[in-house]
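*Asks:* You'll find upload_20.cif just under this line, and it carries mmCIF, C-alpha atoms.
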data_start
loop_
_atom_site.group_PDB
_atom_site.id
_atom_site.type_symbol
_atom_site.label_atom_id
_atom_site.label_comp_id
_atom_site.auth_asym_id
_atom_site.auth_seq_id
_atom_site.Cartn_x
_atom_site.Cartn_y
_atom_site.Cartn_z
ATOM 1 C CA MET A 258 129.951 120.842 -90.383
ATOM 2 C CA SER A 259 127.160 123.173 -91.514
ATOM 3 C CA GLU A 260 125.690 122.725 -94.964
ATOM 4 C CA LYS A 261 124.412 126.309 -95.057
ATOM 5 C CA GLU A 262 126.085 129.640 -95.647
ATOM 6 C CA SER A 263 127.521 131.465 -92.675
ATOM 7 C CA ALA A 264 125.591 133.764 -90.386
ATOM 8 C CA PRO A 265 124.720 137.243 -91.657
ATOM 9 C CA GLY A 266 126.654 140.370 -90.800
ATOM 10 C CA ALA A 267 128.596 140.557 -87.580
ATOM 11 C CA LEU A 268 127.126 137.255 -86.347
ATOM 12 C CA ALA A 269 129.572 135.560 -88.745
ATOM 13 C CA LEU A 270 132.353 136.564 -86.306
ATOM 14 C CA ILE A 271 130.636 134.759 -83.426
ATOM 15 C CA GLU A 272 129.853 131.729 -85.567
ATOM 16 C CA ALA A 273 133.471 131.528 -86.732
ATOM 17 C CA LEU A 274 134.851 131.916 -83.214
ATOM 18 C CA VAL A 275 132.642 129.241 -81.666
ATOM 19 C CA ASN A 276 133.339 126.883 -84.546
ATOM 20 C CA THR A 277 137.108 127.049 -83.988
ATOM 21 C CA LEU A 278 136.615 124.003 -81.763
ATOM 22 C CA ASP A 279 135.499 120.791 -83.451
ATOM 23 C CA ILE A 280 133.990 118.892 -80.530
ATOM 24 C CA GLU A 281 133.810 115.634 -82.481
ATOM 25 C CA THR A 282 137.543 115.523 -83.234
ATOM 26 C CA GLY A 283 138.880 117.827 -80.516
ATOM 27 C CA ALA A 284 140.697 119.957 -83.101
ATOM 28 C CA ASP A 285 141.010 123.533 -81.854
ATOM 29 C CA GLY A 286 141.677 126.240 -84.423
ATOM 30 C CA LEU A 287 142.974 128.488 -81.638
ATOM 31 C CA ASP A 288 145.903 126.102 -81.067
ATOM 32 C CA ALA A 289 147.789 127.499 -84.063
ATOM 33 C CA ALA A 290 149.109 131.000 -84.698
ATOM 34 C CA ASP A 291 147.105 131.395 -87.899
ATOM 35 C CA GLY A 292 143.934 130.406 -85.985
ATOM 36 C CA TRP A 293 144.234 133.072 -83.344
ATOM 37 C CA ALA A 294 145.633 135.637 -85.760
ATOM 38 C CA ALA A 295 142.440 135.312 -87.825
ATOM 39 C CA PHE A 296 140.628 136.965 -84.904
ATOM 40 C CA GLY A 297 143.295 139.599 -84.290
ATOM 41 C CA LEU A 298 144.525 137.792 -81.182
ATOM 42 C CA THR A 299 147.941 137.214 -79.733
ATOM 43 C CA GLU A 300 148.931 133.974 -78.051
ATOM 44 C CA ARG A 301 148.379 135.691 -74.694
ATOM 45 C CA ASP A 302 144.709 136.378 -75.653
ATOM 46 C CA VAL A 303 143.880 132.730 -76.437
ATOM 47 C CA PRO A 304 142.752 131.545 -72.951
ATOM 48 C CA GLU A 305 140.241 134.403 -72.678
ATOM 49 C CA ALA A 306 139.080 133.784 -76.265
ATOM 50 C CA ARG A 307 138.462 130.123 -75.416
ATOM 51 C CA GLU A 308 136.433 131.126 -72.360
ATOM 52 C CA LEU A 309 134.424 133.570 -74.481
ATOM 53 C CA ARG A 310 133.960 130.904 -77.176
ATOM 54 C CA GLU A 311 132.449 128.405 -74.737
ATOM 55 C CA ALA A 312 130.224 131.020 -73.089
ATOM 56 C CA LEU A 313 128.931 131.927 -76.562
ATOM 57 C CA ARG A 314 128.354 128.234 -77.373
ATOM 58 C CA THR A 315 126.234 127.985 -74.219
ATOM 59 C CA ALA A 316 124.155 130.975 -75.340
ATOM 60 C CA CYS A 317 123.694 129.379 -78.780
ATOM 61 C CA LEU A 318 122.583 126.143 -77.107
ATOM 62 C CA ALA A 319 120.029 128.167 -75.152
ATOM 63 C CA HIS A 320 118.762 129.634 -78.443
ATOM 64 C CA ALA A 321 118.210 126.051 -79.605
ATOM 65 C CA GLY A 322 116.124 125.293 -76.510
ATOM 66 C CA HIS A 323 118.793 123.709 -74.294
ATOM 67 C CA ARG A 324 118.802 125.318 -70.894
ATOM 68 C CA PRO A 325 122.324 126.175 -69.762
ATOM 69 C CA PRO A 326 123.656 125.444 -66.289
ATOM 70 C CA GLY A 327 122.744 128.099 -63.740
ATOM 71 C CA ASP A 328 126.023 130.032 -63.991
ATOM 72 C CA ALA A 329 126.392 130.054 -67.790
ATOM 73 C CA ALA A 330 124.554 133.306 -68.589
ATOM 74 C CA PRO A 331 126.394 135.302 -65.893
ATOM 75 C CA LEU A 332 129.721 134.109 -67.343
ATOM 76 C CA LEU A 333 128.966 135.564 -70.777
ATOM 77 C CA ASP A 334 127.577 138.681 -69.123
ATOM 78 C CA ARG A 335 130.762 139.029 -67.056
ATOM 79 C CA LEU A 336 133.001 138.546 -70.081
ATOM 80 C CA LEU A 337 131.107 141.141 -72.115
ATOM 81 C CA ALA A 338 130.887 143.659 -69.255
ATOM 82 C CA GLY A 339 134.427 144.850 -69.876
ATOM 83 C CA ALA A 340 133.909 145.390 -73.594
ATOM 84 C CA PRO A 341 134.501 149.076 -74.347
ATOM 85 C CA LEU A 342 131.623 150.182 -76.607
ATOM 86 C CA ARG A 343 130.269 153.539 -77.715
ATOM 87 C CA VAL A 344 127.110 154.682 -79.470
ATOM 88 C CA THR A 345 127.633 156.038 -82.963
ATOM 89 C CA VAL A 346 125.148 157.845 -85.170
ATOM 90 C CA ASP A 347 125.660 158.001 -88.922
ATOM 91 C CA ALA A 348 124.640 160.760 -91.356
ATOM 92 C CA ALA A 349 121.238 159.115 -91.873
ATOM 93 C CA GLY A 350 120.607 159.158 -88.117
ATOM 94 C CA ALA A 351 121.022 155.398 -87.597
ATOM 95 C CA ALA A 352 122.485 154.543 -84.214
ATOM 96 C CA ALA A 353 124.686 151.553 -83.427
ATOM 97 C CA LEU A 354 127.017 150.283 -80.754
ATOM 98 C CA ARG A 355 130.622 150.118 -81.908
ATOM 99 C CA PRO A 356 133.892 149.168 -80.222
ATOM 100 C CA ALA A 357 135.314 152.244 -78.509
ATOM 101 C CA THR A 358 138.905 151.597 -79.475
ATOM 102 C CA GLU A 359 140.791 150.748 -82.653
ATOM 103 C CA PRO A 360 141.903 148.164 -83.237
ATOM 104 C CA ALA A 361 138.924 146.713 -81.453
ATOM 105 C CA GLY A 362 139.471 143.742 -79.176
ATOM 106 C CA LEU A 363 137.627 140.488 -79.781
ATOM 107 C CA THR A 364 135.334 140.905 -76.787
ATOM 108 C CA ALA A 365 134.267 144.395 -77.907
ATOM 109 C CA ARG A 366 133.616 143.142 -81.461
ATOM 110 C CA VAL A 367 131.561 140.242 -80.106
ATOM 111 C CA ALA A 368 129.598 142.540 -77.775
ATOM 112 C CA ALA A 369 128.838 144.941 -80.645
ATOM 113 C CA ALA A 370 127.780 141.999 -82.839
ATOM 114 C CA ILE A 371 125.417 140.696 -80.157
ATOM 115 C CA ALA A 372 123.930 144.150 -79.564
ATOM 116 C CA GLY A 373 123.324 144.689 -83.269
ATOM 117 C CA ALA A 374 121.870 141.223 -83.764
ATOM 118 C CA ALA A 375 119.631 141.599 -80.711
ATOM 119 C CA ALA A 376 118.384 144.908 -82.101
ATOM 120 C CA ASP A 377 117.561 143.462 -85.517
ATOM 121 C CA GLY A 378 116.114 140.201 -84.161
ATOM 122 C CA THR A 379 118.762 137.814 -85.502
ATOM 123 C CA TRP A 380 120.676 136.983 -82.306
ATOM 124 C CA ALA A 381 118.287 134.167 -81.284
ATOM 125 C CA ARG A 382 118.729 132.498 -84.685
ATOM 126 C CA LEU A 383 122.395 131.748 -83.966
ATOM 127 C CA LYS A 384 122.140 128.234 -82.517
ATOM 128 C CA ALA A 385 124.287 125.272 -81.565
ATOM 129 C CA CYS A 386 123.631 121.850 -83.046
ATOM 130 C CA GLU A 387 121.560 119.563 -80.848
ATOM 131 C CA ALA A 388 123.931 116.630 -81.424
ATOM 132 C CA GLU A 389 126.056 116.218 -78.278
ATOM 133 C CA GLY A 390 129.114 115.180 -80.248
ATOM 134 C CA CYS A 391 128.855 118.187 -82.546
ATOM 135 C CA ARG A 392 127.580 121.463 -81.001
ATOM 136 C CA TRP A 393 128.588 123.293 -84.204
ATOM 137 C CA VAL A 394 127.096 126.784 -84.358
ATOM 138 C CA TYR A 395 124.903 127.669 -87.328
ATOM 139 C CA TYR A 396 122.474 130.385 -88.348
ATOM 140 C CA ASP A 397 118.885 129.100 -88.446
ATOM 141 C CA ARG A 398 117.315 130.340 -91.664
ATOM 142 C CA SER A 399 114.269 128.079 -91.446
ATOM 143 C CA PRO A 400 110.969 129.979 -91.723
ATOM 144 C CA ALA A 401 109.772 128.966 -88.256
ATOM 145 C CA GLY A 402 113.225 129.194 -86.642
ATOM 146 C CA ARG A 403 113.016 125.622 -85.323
ATOM 147 C CA ARG A 404 116.009 123.977 -86.930
ATOM 148 C CA ARG A 405 117.765 121.536 -84.563
ATOM 149 C CA TRP A 406 120.922 120.374 -86.319
ATOM 150 C CA CYS A 407 123.773 122.070 -88.138
ATOM 151 C CA SER A 408 123.374 119.576 -90.967
ATOM 152 C CA MET A 409 120.301 117.525 -91.707
ATOM 153 C CA SER A 410 122.378 115.167 -93.847
ATOM 154 C CA VAL A 411 124.830 114.377 -91.023
ATOM 155 C CA CYS A 412 123.700 115.231 -87.489
ATOM 156 C CA GLY A 413 119.986 115.145 -88.299
ATOM 157 C CA ALA A 414 120.281 111.828 -90.114
ATOM 158 C CA ARG A 415 122.238 110.305 -87.219
ATOM 159 C CA ALA A 416 119.621 111.437 -84.687
ATOM 160 C CA LYS A 417 116.766 110.130 -86.794
ATOM 161 C CA MET A 418 118.535 106.801 -87.273
ATOM 162 C CA ARG A 419 119.079 106.479 -83.496
ATOM 163 C CA THR A 420 115.392 107.187 -82.902
ATOM 164 C CA TYR A 421 114.385 104.647 -85.552
ATOM 165 C CA ARG A 422 116.661 101.962 -84.095
ATOM 166 C CA ALA A 423 115.394 102.632 -80.575
ATOM 167 C CA LYS A 424 111.793 102.086 -81.736
ATOM 168 C CA ARG A 425 112.663 98.852 -83.536
ATOM 169 C CA GLY A 426 114.958 97.384 -80.942
#
Could you render the structure as structure tokens?

*Replies:*
Amino acid sequence: MSEKESAPGALALIEALVNTLDIETGADGLDAADGWAAFGLTERDVPEARELREALRTACLAHAGHRPPGDAAPLLDRLLAGAPLRVTVDAAGAAALRPATEPAGLTARVAAAIAGAAADGTWARLKACEAEGCRWVYYDRSPAGRRRWCSMSVCGARAKMRTYRAKRG
């Protein structure tokens, strides 16, 4: 639903994964072989990927100021705990966390993406739309980092219209 370009760097993986579920229509991109293959998954990996997807959505909602239920953060922490990562140092001396195995599993790639984004200060800008019927994940590029909706022309306009009607009615 987003009207903006995708998230930068490795955060694009997380954005794409979370947005495989269209909450408004119920369409799930992980239902089809080409959907899960896009993330290097097999059909057997799909249930865990769905659990990871929803735990990530909860984290993105928290970035947007919506407090998750009490057990939401530990779920993402538990899912990422098994991600095999290693520290790498390049020729210029820059260090990074990378998946320890090749091909890297989805959880390890997500964990490395979160670690890198946390280090460069972009992780908190990956947010979920405030609209309950949407919850699309987007990267907040606004100067103050206070964007609330994935699309001002759709979700934002709907919310503003509801507020306007509530005041008039």

*Asks:* Write out as a list of chain:residue names each polymer residue whose atoms come within 9 Å of A:Thr345, counting only C-alpha atoms; drop sequence neighbours fewer than 3 positions from it.

*Replies:*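 Once the adjacent positions are removed, what remains is A:Ala351, A:Ala352, A:Ala353, A:Leu354, A:Arg355.
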
*Asks:* Carefully work through the PyMOL selection byres ((chain A and resi 374) around 12) for this structure and note down the residues it includes, as a ChimeraX atom specification.

*Replies:* /A:264-271,353-354,367-373,375-383,396

*Asks:* Could you give me, as a list in words, the residues within 8 Å of stretch 287-291 of chain A, counting all atoms listed in the file and dropping anything in the same chain fewer than 6 positions from it?

*Replies:* Thr277, Leu278, Glu300, Val303 and Arg307 of chain A

*Asks:* State, in Å with one decimal place, the distance from atom CA of A:Ala319 to atom CA of A:Arg405.

*Replies:*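 Separating atom CA of A:Ala319 from atom CA of A:Arg405 is a distance of 11.7 Å.
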
*Asks:* The PyMOL selection byres ((chain A and resi 393) around 9) on the file shown: which residues, as number ranges by chain?

*Replies:* A: 258-259, 272, 275-276, 278-280, 314, 384-388, 391-392, 394-395, 406-407

*Asks:* Find the distance between atom CA of A:Glu389 and atom CA of A:Leu337 and write it in Å to one decimal.

*Replies:*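 Separating atom CA of A:Glu389 from atom CA of A:Leu337 is a distance of 26.2 Å.
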
*Asks:* When distances are computed from all atoms listed in the file, which of A:Leu274, A:Leu318, A:Leu309, A:Ala338 shows the smallest separation from A:Trp293?

*Replies:*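 Looking at the shortest contact to A:Trp293, the residue is A:Leu274.
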
*Asks:* Applying 12 Å and all atoms listed in the file, which residues near A:Glu359 remain after dropping the ones on its own chain fewer than 6 positions away? List them as a PyMOL selection string.

*Replies:* chain A and resi 297+341-343+365-366

*Asks:* From the list A:Gly390, A:Gly283, A:Gly322, A:Gly362, which residue is nearest A:Ala340 when using all atoms listed in the file?

*Replies:*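 Of A:Gly390, A:Gly283, A:Gly322, A:Gly362, the one nearest A:Ala340 is A:Gly362, counting all atoms listed in the file.
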
*Asks:* Between atom CA of A:Asp397 and atom CA of A:Arg310, what distance in Å does the model show, to one decimal?

*Replies:*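 Spanning atom CA of A:Asp397 to atom CA of A:Arg310 is a straight-line distance of 18.9 Å.
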
*Asks:* Please report, as JSON, the centre and edge lengths in Å to one decimal of an axis-aligned box covering all listed atoms of stretch 284-297 of chain A with 3 Å per side.

*Replies:*
{"center_x": 144.9, "center_y": 129.8, "center_z": -84.5, "size_x": 14.5, "size_y": 25.6, "size_z": 12.8}

*Asks:* Which is closest to A:Leu298 among A:Leu363, A:Cys412, A:Ala349, A:Leu333, if we use only C-alpha atoms?

*Replies:*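 Closest to A:Leu298 of all the choices is A:Leu363.
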